[in-house]
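Structure below is start-v3.txt: compact mmCIF, C-alpha atoms.
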# COMPACT_ATOMS: atom_id res chain seq x y z
CA MET X 1 -24.34 9.02 -0.27
CA SER X 2 -23.37 12.09 1.65
CA ARG X 3 -19.80 13.06 1.21
CA GLN X 4 -18.07 15.65 3.28
CA HIS X 5 -15.77 17.99 1.49
CA ILE X 6 -12.17 16.85 1.58
CA PRO X 7 -9.59 19.61 1.36
CA LEU X 8 -7.34 19.42 -1.66
CA ILE X 9 -4.23 19.12 0.46
CA THR X 10 -5.21 15.69 1.82
CA GLU X 11 -5.98 14.48 -1.69
CA LEU X 12 -2.74 15.81 -3.11
CA PRO X 13 -0.50 12.74 -2.43
CA LEU X 14 -3.11 10.50 -4.06
CA VAL X 15 -3.42 12.76 -7.11
CA ILE X 16 0.36 12.94 -7.50
CA TRP X 17 0.60 9.15 -7.28
CA LEU X 18 -2.11 8.75 -9.93
CA VAL X 19 -0.31 11.19 -12.24
CA ILE X 20 2.90 9.19 -11.85
CA VAL X 21 0.98 5.99 -12.67
CA TRP X 22 -0.50 7.68 -15.72
CA GLY X 23 2.89 8.87 -16.97
CA ALA X 24 4.48 5.47 -16.39
CA LEU X 25 1.71 3.63 -18.20
CA TRP X 26 2.06 5.84 -21.26
CA GLN X 27 5.86 5.88 -20.88
CA ASP X 28 5.64 9.59 -21.58
CA PHE X 29 6.52 12.22 -18.99
CA GLY X 30 6.03 15.21 -21.28
CA PRO X 31 4.21 18.21 -19.75
CA GLY X 32 1.09 17.85 -21.91
CA ASN X 33 0.57 14.24 -20.94
CA LEU X 34 1.14 15.02 -17.27
CA VAL X 35 -1.38 17.87 -17.26
CA PHE X 36 -3.96 15.66 -18.94
CA GLY X 37 -3.17 12.94 -16.39
CA ALA X 38 -3.64 15.44 -13.56
CA VAL X 39 -7.08 16.38 -14.86
CA ILE X 40 -8.09 12.72 -15.08
CA ALA X 41 -6.61 11.96 -11.66
CA TYR X 42 -8.54 14.84 -10.08
CA ALA X 43 -11.76 13.66 -11.72
CA VAL X 44 -11.19 10.07 -10.60
CA VAL X 45 -10.45 11.11 -7.02
CA ASN X 46 -13.66 13.14 -6.87
CA PHE X 47 -15.97 10.74 -8.68
CA PHE X 48 -14.87 7.51 -7.04
CA TYR X 49 -15.06 8.63 -3.48
CA LEU X 50 -13.00 6.77 -0.90
CA PRO X 51 -12.50 7.70 2.72
CA PRO X 52 -9.19 9.56 2.86
CA VAL X 53 -6.18 7.70 4.20
CA GLU X 54 -4.89 9.54 7.21
CA LEU X 55 -1.26 10.21 6.53
CA THR X 56 0.88 11.25 9.41
CA GLY X 57 2.03 14.56 8.01
CA ARG X 58 5.72 13.69 8.13
CA PHE X 59 7.88 12.18 5.43
CA ASN X 60 11.62 12.07 5.68
CA VAL X 61 13.28 11.11 2.42
CA LEU X 62 16.73 10.81 3.99
CA TRP X 63 15.76 7.68 5.89
CA VAL X 64 14.17 6.00 2.88
CA VAL X 65 17.40 4.95 1.18
CA PRO X 66 18.92 3.05 4.12
CA PHE X 67 15.52 1.51 4.82
CA LEU X 68 15.26 0.27 1.23
CA GLY X 69 18.79 -1.11 1.44
CA ARG X 70 17.96 -2.94 4.66
CA PHE X 71 14.70 -4.21 3.16
CA LEU X 72 16.39 -5.57 0.03
CA LEU X 73 19.15 -7.18 2.09
CA GLN X 74 16.57 -8.87 4.31
CA LEU X 75 14.60 -9.91 1.25
CA VAL X 76 17.59 -11.62 -0.36
CA THR X 77 18.90 -13.32 2.78
CA ALA X 78 15.43 -14.49 3.81
CA SER X 79 14.70 -15.83 0.33
CA VAL X 80 17.93 -17.82 0.24
CA GLU X 81 17.26 -19.05 3.78
CA VAL X 82 13.76 -20.25 2.92
CA PHE X 83 15.12 -21.99 -0.17
CA TRP X 84 17.70 -23.72 1.99
CA LEU X 85 15.05 -24.70 4.54
CA ALA X 86 12.86 -26.15 1.79
CA VAL X 87 15.71 -28.29 0.52
CA SER X 88 17.33 -29.30 3.80
CA LYS X 89 14.56 -29.46 6.40
CA GLY X 90 11.35 -29.75 4.43
CA PRO X 91 8.69 -31.57 6.42
CA LYS X 92 10.65 -31.47 9.69
CA LEU X 93 10.11 -27.75 10.05
CA ARG X 94 9.11 -26.04 13.31
CA ASN X 95 7.08 -22.83 13.21
CA ALA X 96 5.50 -20.43 15.65
CA VAL X 97 2.82 -17.79 15.87
CA VAL X 98 4.37 -14.81 17.62
CA ALA X 99 2.56 -11.76 18.96
CA VAL X 100 4.41 -8.48 18.65
CA GLU X 101 3.12 -5.28 20.19
CA LEU X 102 4.01 -2.21 18.16
CA ARG X 103 4.70 1.25 19.50
CA SER X 104 2.60 3.26 17.11
CA HIS X 105 -1.18 3.42 17.15
CA SER X 106 -1.53 4.95 13.72
CA ASP X 107 -3.42 2.63 11.35
CA PHE X 108 -1.28 3.77 8.47
CA LEU X 109 1.97 2.86 10.19
CA VAL X 110 0.71 -0.51 11.45
CA THR X 111 -0.38 -1.33 7.89
CA ALA X 112 2.96 -0.28 6.48
CA THR X 113 4.83 -2.40 9.03
CA GLY X 114 2.63 -5.39 8.31
CA HIS X 115 3.21 -5.01 4.59
CA ALA X 116 6.97 -4.76 4.96
CA LEU X 117 6.99 -7.88 7.17
CA SER X 118 4.72 -9.95 4.94
CA LEU X 119 6.87 -9.20 1.91
CA ILE X 120 9.91 -10.77 3.51
CA PRO X 121 9.70 -14.57 3.27
CA GLY X 122 9.76 -16.20 6.67
CA SER X 123 7.21 -13.96 8.38
CA LEU X 124 3.55 -13.52 7.60
CA VAL X 125 0.92 -11.37 9.28
CA LEU X 126 -1.97 -13.58 10.32
CA GLU X 127 -4.02 -11.18 12.38
CA VAL X 128 -3.95 -7.58 13.51
CA ASP X 129 -5.43 -6.26 16.72
CA ARG X 130 -6.16 -2.62 16.05
CA SER X 131 -7.05 -1.69 19.63
CA THR X 132 -3.63 -2.64 20.98
CA SER X 133 -1.85 -2.48 17.60
CA THR X 134 -0.53 -5.99 18.01
CA LEU X 135 0.59 -8.03 15.03
CA TYR X 136 0.32 -11.81 15.10
CA LEU X 137 3.01 -13.24 12.85
CA HIS X 138 3.51 -16.74 11.58
CA CYS X 139 7.23 -17.38 11.40
CA LEU X 140 9.20 -20.18 9.83
CA ASN X 141 11.81 -22.19 11.67
CA VAL X 142 11.30 -21.03 15.24
CA ALA X 143 12.59 -23.69 17.57
CA SER X 144 12.66 -21.91 20.90
CA GLU X 145 11.60 -18.85 22.86
CA GLU X 146 14.92 -17.16 22.03
CA ASP X 147 14.19 -17.34 18.32
CA ALA X 148 10.82 -15.72 18.95
CA GLU X 149 12.53 -12.98 20.92
CA VAL X 150 14.90 -12.34 18.00
CA ILE X 151 11.88 -11.99 15.71
CA ARG X 152 10.17 -9.57 18.10
CA ARG X 153 13.27 -7.38 18.23
CA ASP X 154 13.51 -7.51 14.44
CA VAL X 155 9.89 -6.49 13.95
CA ARG X 156 10.23 -3.57 16.33
CA ALA X 157 13.38 -2.49 14.49
CA THR X 158 11.45 -2.49 11.21
CA GLU X 159 8.75 -0.41 12.85
CA ALA X 160 11.35 2.01 14.21
CA TRP X 161 12.66 2.56 10.68
CA LEU X 162 9.18 3.28 9.39
CA ILE X 163 8.51 5.69 12.26
CA ARG X 164 11.69 7.53 11.34
CA ILE X 165 10.49 7.77 7.74
CA MET X 166 6.84 8.62 8.18
CA GLY X 167 5.70 8.24 11.78
CA THR X 168 3.70 10.93 13.55
CA ARG X 169 5.66 13.54 15.43
CA ALA X 170 4.57 12.08 18.77
CA ASP X 171 5.75 8.59 17.77
CA PHE X 172 9.02 9.96 16.50
CA ALA X 173 9.62 11.86 19.73
CA ALA X 174 8.81 8.71 21.73
CA LEU X 175 11.26 6.72 19.61
CA ARG X 176 13.94 9.35 20.19
CA ALA X 177 13.35 9.19 23.93
CA GLU X 178 13.52 5.39 23.84
CA GLU X 179 16.81 5.47 21.96
CA ALA X 180 18.25 8.00 24.37
CA LEU X 181 17.89 5.50 27.20
CA PRO X 182 20.97 3.39 27.80
CA MET L 1 22.40 -16.30 -24.57
CA THR L 2 20.29 -18.97 -26.28
CA ILE L 3 21.58 -21.56 -23.84
CA VAL L 4 20.68 -19.33 -20.91
CA ILE L 5 17.15 -18.93 -22.23
CA TYR L 6 16.80 -22.71 -22.49
CA VAL L 7 18.17 -23.22 -18.97
CA VAL L 8 15.83 -20.59 -17.54
CA GLY L 9 12.91 -22.11 -19.41
CA GLY L 10 13.80 -25.53 -18.03
CA ILE L 11 14.00 -24.28 -14.45
CA LEU L 12 10.69 -22.45 -14.80
CA SER L 13 9.05 -25.56 -16.25
CA VAL L 14 10.21 -27.69 -13.32
CA ALA L 15 8.94 -25.04 -10.92
CA ALA L 16 5.58 -24.93 -12.71
CA VAL L 17 5.28 -28.72 -12.57
CA LEU L 18 6.02 -28.70 -8.82
CA ALA L 19 3.45 -25.96 -8.23
CA LEU L 20 0.87 -27.78 -10.33
CA TYR L 21 1.54 -30.95 -8.36
CA ARG L 22 0.59 -29.06 -5.21
CA ALA L 23 -2.47 -27.60 -6.96
CA VAL L 24 -3.67 -31.06 -7.95
CA ARG L 25 -2.78 -32.71 -4.66
CA GLY L 26 -4.46 -30.13 -2.43
CA PRO L 27 -5.36 -31.04 0.28
CA SER L 28 -7.42 -27.90 0.94
CA ILE L 29 -8.74 -25.28 -1.44
CA LEU L 30 -6.40 -22.70 0.09
CA ASP L 31 -3.40 -24.84 -0.87
CA ARG L 32 -4.65 -24.97 -4.42
CA VAL L 33 -5.20 -21.22 -4.59
CA LEU L 34 -1.72 -20.65 -3.24
CA ALA L 35 -0.18 -23.02 -5.77
CA LEU L 36 -2.06 -21.33 -8.61
CA ASP L 37 -0.77 -17.97 -7.38
CA VAL L 38 2.74 -19.33 -7.79
CA VAL L 39 1.84 -20.62 -11.26
CA LEU L 40 0.69 -17.08 -12.10
CA ALA L 41 4.02 -15.69 -10.89
CA ILE L 42 5.81 -18.25 -13.07
CA ILE L 43 3.69 -17.20 -16.06
CA GLY L 44 4.76 -13.62 -15.41
CA ALA L 45 8.37 -14.79 -15.34
CA GLY L 46 7.78 -16.58 -18.64
CA LEU L 47 6.46 -13.36 -20.18
CA VAL L 48 9.65 -11.54 -19.17
CA VAL L 49 11.84 -14.34 -20.54
CA SER L 50 9.97 -14.17 -23.82
CA MET L 51 10.50 -10.40 -23.96
CA VAL L 52 14.22 -10.77 -23.27
CA ALA L 53 14.64 -13.59 -25.77
CA ASN L 54 12.78 -11.92 -28.63
CA ARG L 55 13.81 -8.36 -27.77
CA HIS L 56 10.38 -6.80 -27.69
CA LEU L 57 8.24 -5.11 -25.02
CA ASP L 58 4.75 -6.19 -26.01
CA ASN L 59 3.99 -8.13 -22.84
CA LEU L 60 4.86 -5.35 -20.44
CA ILE L 61 1.32 -4.06 -19.92
CA LEU L 62 0.18 -7.65 -19.43
CA LEU L 63 2.79 -8.01 -16.70
CA VAL L 64 1.56 -4.84 -14.96
CA ALA L 65 -2.00 -6.12 -15.18
CA ILE L 66 -1.02 -9.48 -13.71
CA SER L 67 0.78 -7.91 -10.80
CA LEU L 68 -2.17 -5.58 -10.21
CA ILE L 69 -5.11 -7.99 -10.31
CA GLY L 70 -3.40 -11.30 -9.60
CA PHE L 71 -4.45 -11.14 -5.99
CA ILE L 72 -8.19 -10.81 -6.57
CA GLY L 73 -8.72 -14.55 -7.06
CA SER L 74 -7.01 -15.61 -3.86
CA VAL L 75 -8.70 -12.88 -1.82
CA THR L 76 -12.09 -13.99 -3.11
CA VAL L 77 -11.48 -17.63 -2.28
CA ALA L 78 -10.06 -16.77 1.15
CA ARG L 79 -13.11 -14.64 1.90
CA PHE L 80 -15.42 -17.46 0.83
CA VAL L 81 -13.59 -20.01 2.95
CA THR L 82 -13.67 -17.80 6.06
CA ASP L 83 -17.36 -17.02 5.74
CA ARG L 84 -18.48 -20.57 5.20
CA LYS L 85 -16.74 -21.95 8.30
CA MET E 1 29.06 -8.88 -23.56
CA LEU E 2 28.98 -7.75 -19.95
CA GLN E 3 25.33 -6.88 -20.46
CA ASP E 4 24.59 -10.44 -21.56
CA VAL E 5 26.34 -11.86 -18.51
CA VAL E 6 24.38 -9.62 -16.12
CA VAL E 7 21.10 -10.46 -17.84
CA SER E 8 21.87 -14.18 -17.71
CA VAL E 9 22.74 -14.09 -14.02
CA LEU E 10 19.58 -12.13 -13.17
CA LEU E 11 17.37 -14.44 -15.22
CA ILE E 12 18.81 -17.59 -13.70
CA ALA E 13 18.58 -16.19 -10.18
CA GLY E 14 14.96 -15.22 -10.78
CA ALA E 15 14.15 -18.65 -12.18
CA LEU E 16 15.78 -20.24 -9.11
CA MET E 17 13.41 -18.22 -6.92
CA SER E 18 10.48 -19.78 -8.80
CA LEU E 19 12.07 -23.20 -8.40
CA ALA E 20 12.49 -22.54 -4.68
CA ALA E 21 8.79 -21.74 -4.47
CA GLY E 22 7.97 -24.99 -6.27
CA VAL E 23 10.20 -27.05 -3.99
CA GLY E 24 8.80 -25.29 -0.94
CA LEU E 25 5.23 -25.90 -2.05
CA VAL E 26 5.88 -29.60 -2.37
CA ARG E 27 8.08 -30.16 0.65
CA PHE E 28 6.71 -27.93 3.41
CA PRO E 29 4.28 -29.66 5.75
CA ASP E 30 1.35 -27.29 6.11
CA LEU E 31 -0.46 -24.42 4.43
CA LEU E 32 1.11 -21.59 6.39
CA SER E 33 4.68 -22.77 5.81
CA ARG E 34 3.93 -23.13 2.12
CA MET E 35 2.78 -19.53 2.05
CA HIS E 36 6.29 -18.38 2.94
CA ALA E 37 7.64 -20.27 -0.04
CA ALA E 38 5.03 -18.73 -2.33
CA THR E 39 6.00 -15.15 -1.46
CA LYS E 40 9.40 -15.46 -3.07
CA PRO E 41 8.83 -15.54 -6.83
CA GLN E 42 6.20 -12.87 -6.35
CA VAL E 43 8.57 -10.39 -4.75
CA LEU E 44 12.25 -11.15 -5.23
CA GLY E 45 11.77 -13.24 -8.36
CA LEU E 46 9.76 -10.51 -10.07
CA LEU E 47 12.38 -7.92 -9.03
CA LEU E 48 15.20 -9.97 -10.57
CA PHE E 49 13.26 -10.53 -13.80
CA LEU E 50 12.35 -6.86 -14.11
CA LEU E 51 16.00 -5.90 -13.50
CA ALA E 52 17.02 -8.30 -16.24
CA LEU E 53 14.52 -6.68 -18.59
CA ALA E 54 15.76 -3.19 -17.71
CA VAL E 55 19.43 -4.14 -18.22
CA GLU E 56 18.69 -5.88 -21.50
CA ASN E 57 16.62 -2.99 -22.80
CA GLY E 58 18.81 -0.19 -21.54
CA THR E 59 16.37 2.72 -21.89
CA TRP E 60 15.50 4.91 -18.95
CA LEU E 61 11.96 5.46 -20.18
CA LEU E 62 11.12 1.90 -19.24
CA VAL E 63 12.20 2.23 -15.61
CA PRO E 64 9.06 3.99 -14.23
CA LEU E 65 6.81 1.32 -15.69
CA LEU E 66 8.95 -1.47 -14.24
CA VAL E 67 9.01 0.23 -10.84
CA LEU E 68 5.24 0.61 -11.07
CA CYS E 69 4.86 -3.07 -11.84
CA TRP E 70 6.95 -4.01 -8.82
CA VAL E 71 5.17 -1.54 -6.54
CA PHE E 72 1.79 -2.94 -7.57
CA GLN E 73 3.05 -6.40 -6.71
CA LEU E 74 4.39 -5.14 -3.37
CA LEU E 75 1.03 -3.57 -2.55
CA THR E 76 -1.15 -6.51 -3.55
CA SER E 77 0.73 -9.67 -2.60
CA PRO E 78 0.72 -9.08 1.20
CA VAL E 79 -3.03 -8.50 1.01
CA SER E 80 -3.71 -11.86 -0.57
CA ALA E 81 -1.14 -13.54 1.69
CA HIS E 82 -2.84 -12.07 4.75
CA MET E 83 -6.31 -13.08 3.59
CA VAL E 84 -5.26 -16.64 2.76
CA GLY E 85 -3.23 -16.98 5.95
CA ARG E 86 -6.05 -15.65 8.10
CA ALA E 87 -8.56 -17.98 6.46
CA GLY E 88 -6.11 -20.85 6.89
CA TYR E 89 -5.64 -20.12 10.55
CA ARG E 90 -9.34 -19.61 11.25
CA THR E 91 -10.35 -22.82 9.50
CA ARG E 92 -7.56 -24.77 11.27
CA HIS E 93 -5.61 -25.62 8.17
CA LEU E 94 -2.39 -25.82 10.06
CA ARG E 95 -0.51 -28.50 11.87
CA ARG E 96 -0.60 -27.62 15.56
CA ASP E 97 2.05 -30.15 16.36
CA LEU E 98 4.56 -28.21 14.29
CA LEU E 99 4.15 -24.99 16.22
CA THR E 100 6.59 -24.31 19.02
CA LEU E 101 4.62 -21.29 20.17
CA ASP E 102 1.13 -19.99 19.46
CA GLU E 103 0.23 -16.66 20.99
CA LEU E 104 -2.82 -16.10 18.81
CA ASP E 105 -4.69 -19.23 19.89
CA ASP E 106 -5.98 -17.82 23.19
CA VAL E 107 -7.14 -14.61 21.54
CA VAL E 108 -9.08 -16.39 18.81
CA ALA E 109 -10.50 -18.87 21.31
CA ARG E 110 -11.75 -16.03 23.49
CA ALA E 111 -13.32 -14.29 20.52
CA ALA E 112 -14.87 -17.54 19.27
CA GLY E 113 -16.09 -18.41 22.76
CA GLU E 114 -18.39 -15.41 22.72
CA GLY E 115 -19.89 -16.48 19.43
CA ALA E 116 -19.85 -20.17 18.65
CA PRO E 117 -18.02 -22.43 21.09
CA GLU E 118 -18.22 -25.50 18.86
CA ASP E 119 -15.94 -23.67 16.51
CA ARG E 120 -12.85 -25.08 18.17
CA ARG E 121 -13.16 -28.59 16.83
CA PRO E 122 -10.40 -29.82 14.54
CA PRO E 123 -11.16 -29.53 10.81
CA ARG E 124 -13.38 -32.15 9.30
CA GLN E 125 -12.39 -31.26 5.79
CA GLY E 126 -9.93 -33.74 4.25
CA GLY E 127 -7.12 -31.84 5.90
CA HIS E 128 -3.98 -33.57 6.99
CA PRO E 129 -4.26 -37.31 7.02
CA GLY E 130 -2.82 -39.39 9.81
CA ARG E 131 -0.96 -37.75 12.65
CA ALA E 132 -3.69 -35.65 14.18
CA VAL E 133 -1.78 -35.04 17.36
CA PRO E 134 -3.88 -33.76 20.26
CA ARG E 135 -2.67 -30.47 21.44
CA GLY E 136 -2.21 -28.77 24.80
CA ASP E 137 -4.30 -25.82 25.80
CA SER E 138 -2.15 -22.77 25.38
CA GLY E 139 1.13 -21.94 23.70
CA VAL E 140 3.22 -24.38 25.67
CA PRO E 141 6.37 -25.26 23.77
CA GLU E 142 6.16 -28.85 22.70
CA ALA E 143 9.55 -29.49 21.21

Before anything else, please render the file you have as structure tokens.
Amino acid sequence: MSRQHIPLITELPLVIWLVIVWGALWQDFGPGNLVFGAVIAYAVVNFFYLPPVELTGRFNVLWVVPFLGRFLLQLVTASVEVFWLAVSKGPKLRNAVVAVELRSHSDFLVTATGHALSLIPGSLVLEVDRSTSTLYLHCLNVASEEDAEVIRRDVRATEAWLIRIMGTRADFAALRAEEALP
Amino acid sequence: MTIVIYVVGGILSVAAVLALYRAVRGPSILDRVLALDVVLAIIGAGLVVSMVANRHLDNLILLVAISLIGFIGSVTVARFVTDRK
Amino acid sequence: MLQDVVVSVLLIAGALMSLAAGVGLVRFPDLLSRMHAATKPQVLGLLLFLLALAVENGTWLLVPLLVLCWVFQLLTSPVSAHMVGRAGYRTRHLRRDLLTLDELDDVVARAAGEGAPEDRRPPRQGGHPGRAVPRGDSGVPEA
């Protein structure tokens, strides 16, 4: 197995994440434990080689809090709604498979968007087309084309939030330009 | 608090019975896997209830392990189903 | 006292999420709708239970581990949901007559047409008894 050398800076987010996991598992964030965890994390990252995930090089913490709030709100409302559908409609339910084309072509961002959507009950990613970055979603309780349009707008709004948090600079600029339009 | 624990236990039991009904009934293997995933989530909930009721934290690592590897079974079955066609 | 009330509310809400999943599993008509019901105890239910545990315990040292537990669940459960959903769609474990719109059908049909055309038959496996409603070609709304 030939492995090309990966610069430390691309591995750094992964190492930091592993150190946090280590500290949380031991429930001990003392400096000694963290240093030991860092050594182990570095060894693990180098021994168990994985192709590096291409991050986008931007991360804006300020947008994370409102995004999390929106996500939790959606989570709660969608959960209650699905519960209500299960009780009231049950077998008489109408669904749809909706295709949504995303703006970004970064694999990382498409994955993040798909994850966020799948976690919310009521939408589920069935298939991803990487070449056009299109998500195919299975959605509950879609009775008409208007409902599907609402879902499409919603998905693109979720993606816009993620672009604001960690999209590439080009995507972010494109989003800005799109928002500037009337 | 004791009453709450009993109520929660009752609700979880009903949920587990419903999920097991779907696991037994099928009709496809994917339905069964899905239902057993839900049963696993309910077991995790039961672990938390036990921790709250008895005021200990022994099950916590078990809970982390469940949430980490719980998906392996369904991924394996899904893979198998897709390949076989 | 207040702590007990909060813990009780969180526990009961979390248990209701599991119950909702159970009811959904039994009452929804096909595999893919049931999957939506199954997501709930895994995400929101677990969150409520972990919050209850944190409130009951009251130490900050526990919080990173609980967050970790939830994050692991957030990372893994969409993966399994996607795999199961994809397998379900590919092997036709869904009720076409319940879809108002299907924009994936043409894409899959085109891809399958290059490989094995006989792939488009309805499932033989003891799928959904009765009501095998023949279906139009593309995503024409039926309702």

**OP:** Give me, as a PyMOL selection string, the contact residues of chain X against chain E at a cut-off of 9 Å, counting only C-alpha atoms.
**Re:** chain X and resi 20-21+23-29+72+75-76+79-80+82-87+89-99+114-127+136-140+142-145+148

**OP:** Please provide as a list in words all residues within 9 Å of segment 48-58 of chain L, with the sequence filter that same-chain residues fewer than 3 positions apart are discarded (counting all atoms listed in the file).
**Re:** Met1, Thr2, Ile5, Val8, Gly9, Ile43, Gly44, Ala45, Ile61, Leu62 and Leu63 of chain L; Val7, Leu11, Phe49, Leu50, Ala52, Leu53, Glu56 and Asn57 of chain E

**OP:** Would you be able to write out as a PyMOL selection string which residues have an atom within 12 Å of (-8.4, -2.5, 13.6) in the file's coordinates, counting all atoms listed in the file?
**Re:** chain X and resi 105-108+110-111+127-135

Subject >> At most 7 Å to chain E: residues in chain L, only C-alpha atoms, as a VMD selection string >> reply: chain L and resid 1 4 8 11 to 12 14 to 16 18 to 19 22 27 to 28 30 to 31 38 41 to 42 45 48 52 64 67 to 68 71 74 to 75 78 81 to 82 85

Please produce an output containing C-alpha atoms for each residue in the selection, written as an mmCIF file, keeping the file's coordinate frame.
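See selection-v2.cif below for the written result:
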data_model
loop_
_atom_site.group_PDB
_atom_site.id
_atom_site.type_symbol
_atom_site.label_atom_id
_atom_site.label_comp_id
_atom_site.auth_asym_id
_atom_site.auth_seq_id
_atom_site.Cartn_x
_atom_site.Cartn_y
_atom_site.Cartn_z
ATOM 1 C CA MET L 1 22.400 -16.300 -24.570
ATOM 2 C CA VAL L 4 20.680 -19.330 -20.910
ATOM 3 C CA VAL L 8 15.830 -20.590 -17.540
ATOM 4 C CA ILE L 11 14.000 -24.280 -14.450
ATOM 5 C CA LEU L 12 10.690 -22.450 -14.800
ATOM 6 C CA VAL L 14 10.210 -27.690 -13.320
ATOM 7 C CA ALA L 15 8.940 -25.040 -10.920
ATOM 8 C CA ALA L 16 5.580 -24.930 -12.710
ATOM 9 C CA LEU L 18 6.020 -28.700 -8.820
ATOM 10 C CA ALA L 19 3.450 -25.960 -8.230
ATOM 11 C CA ARG L 22 0.590 -29.060 -5.210
ATOM 12 C CA PRO L 27 -5.360 -31.040 0.280
ATOM 13 C CA SER L 28 -7.420 -27.900 0.940
ATOM 14 C CA LEU L 30 -6.400 -22.700 0.090
ATOM 15 C CA ASP L 31 -3.400 -24.840 -0.870
ATOM 16 C CA VAL L 38 2.740 -19.330 -7.790
ATOM 17 C CA ALA L 41 4.020 -15.690 -10.890
ATOM 18 C CA ILE L 42 5.810 -18.250 -13.070
ATOM 19 C CA ALA L 45 8.370 -14.790 -15.340
ATOM 20 C CA VAL L 48 9.650 -11.540 -19.170
ATOM 21 C CA VAL L 52 14.220 -10.770 -23.270
ATOM 22 C CA VAL L 64 1.560 -4.840 -14.960
ATOM 23 C CA SER L 67 0.780 -7.910 -10.800
ATOM 24 C CA LEU L 68 -2.170 -5.580 -10.210
ATOM 25 C CA PHE L 71 -4.450 -11.140 -5.990
ATOM 26 C CA SER L 74 -7.010 -15.610 -3.860
ATOM 27 C CA VAL L 75 -8.700 -12.880 -1.820
ATOM 28 C CA ALA L 78 -10.060 -16.770 1.150
ATOM 29 C CA VAL L 81 -13.590 -20.010 2.950
ATOM 30 C CA THR L 82 -13.670 -17.800 6.060
ATOM 31 C CA LYS L 85 -16.740 -21.950 8.300
#

**OP:** Would you list the contacts of Leu20 of chain L as a PyMOL selection string, taking every protein, DNA or RNA residue within 8 Å and counting only C-alpha atoms, but skipping same-chain residues closer than 3 positions in sequence?
**Re:** chain L and resi 16-17+23-24+35-36+39

Original post:
How many Å lie between atom CA of Gly30 of chain X and atom CA of Tyr42 of chain X, rounded to one decimal?
Top reply: 18.4 Å

Subject >> One-decimal distance in Å that lies between atom CA of Val19 of chain X and atom CA of Tyr49 of chain X >> reply: 17.3 Å

Original post:
Suppose you want the space between atom CA of Leu10 of chain E and atom CA of Trp161 of chain X; what is it in Å?
Top reply: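 If I compute the distance from atom CA of Leu10 of chain E to atom CA of Trp161 of chain X, I get 28.9 Å.
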
Subject >> Counting all atoms listed in the file, the option among X:Thr77, X:Val15, X:Leu55, X:Ile9 closest to Val39 of chain X >> reply: X:Val15
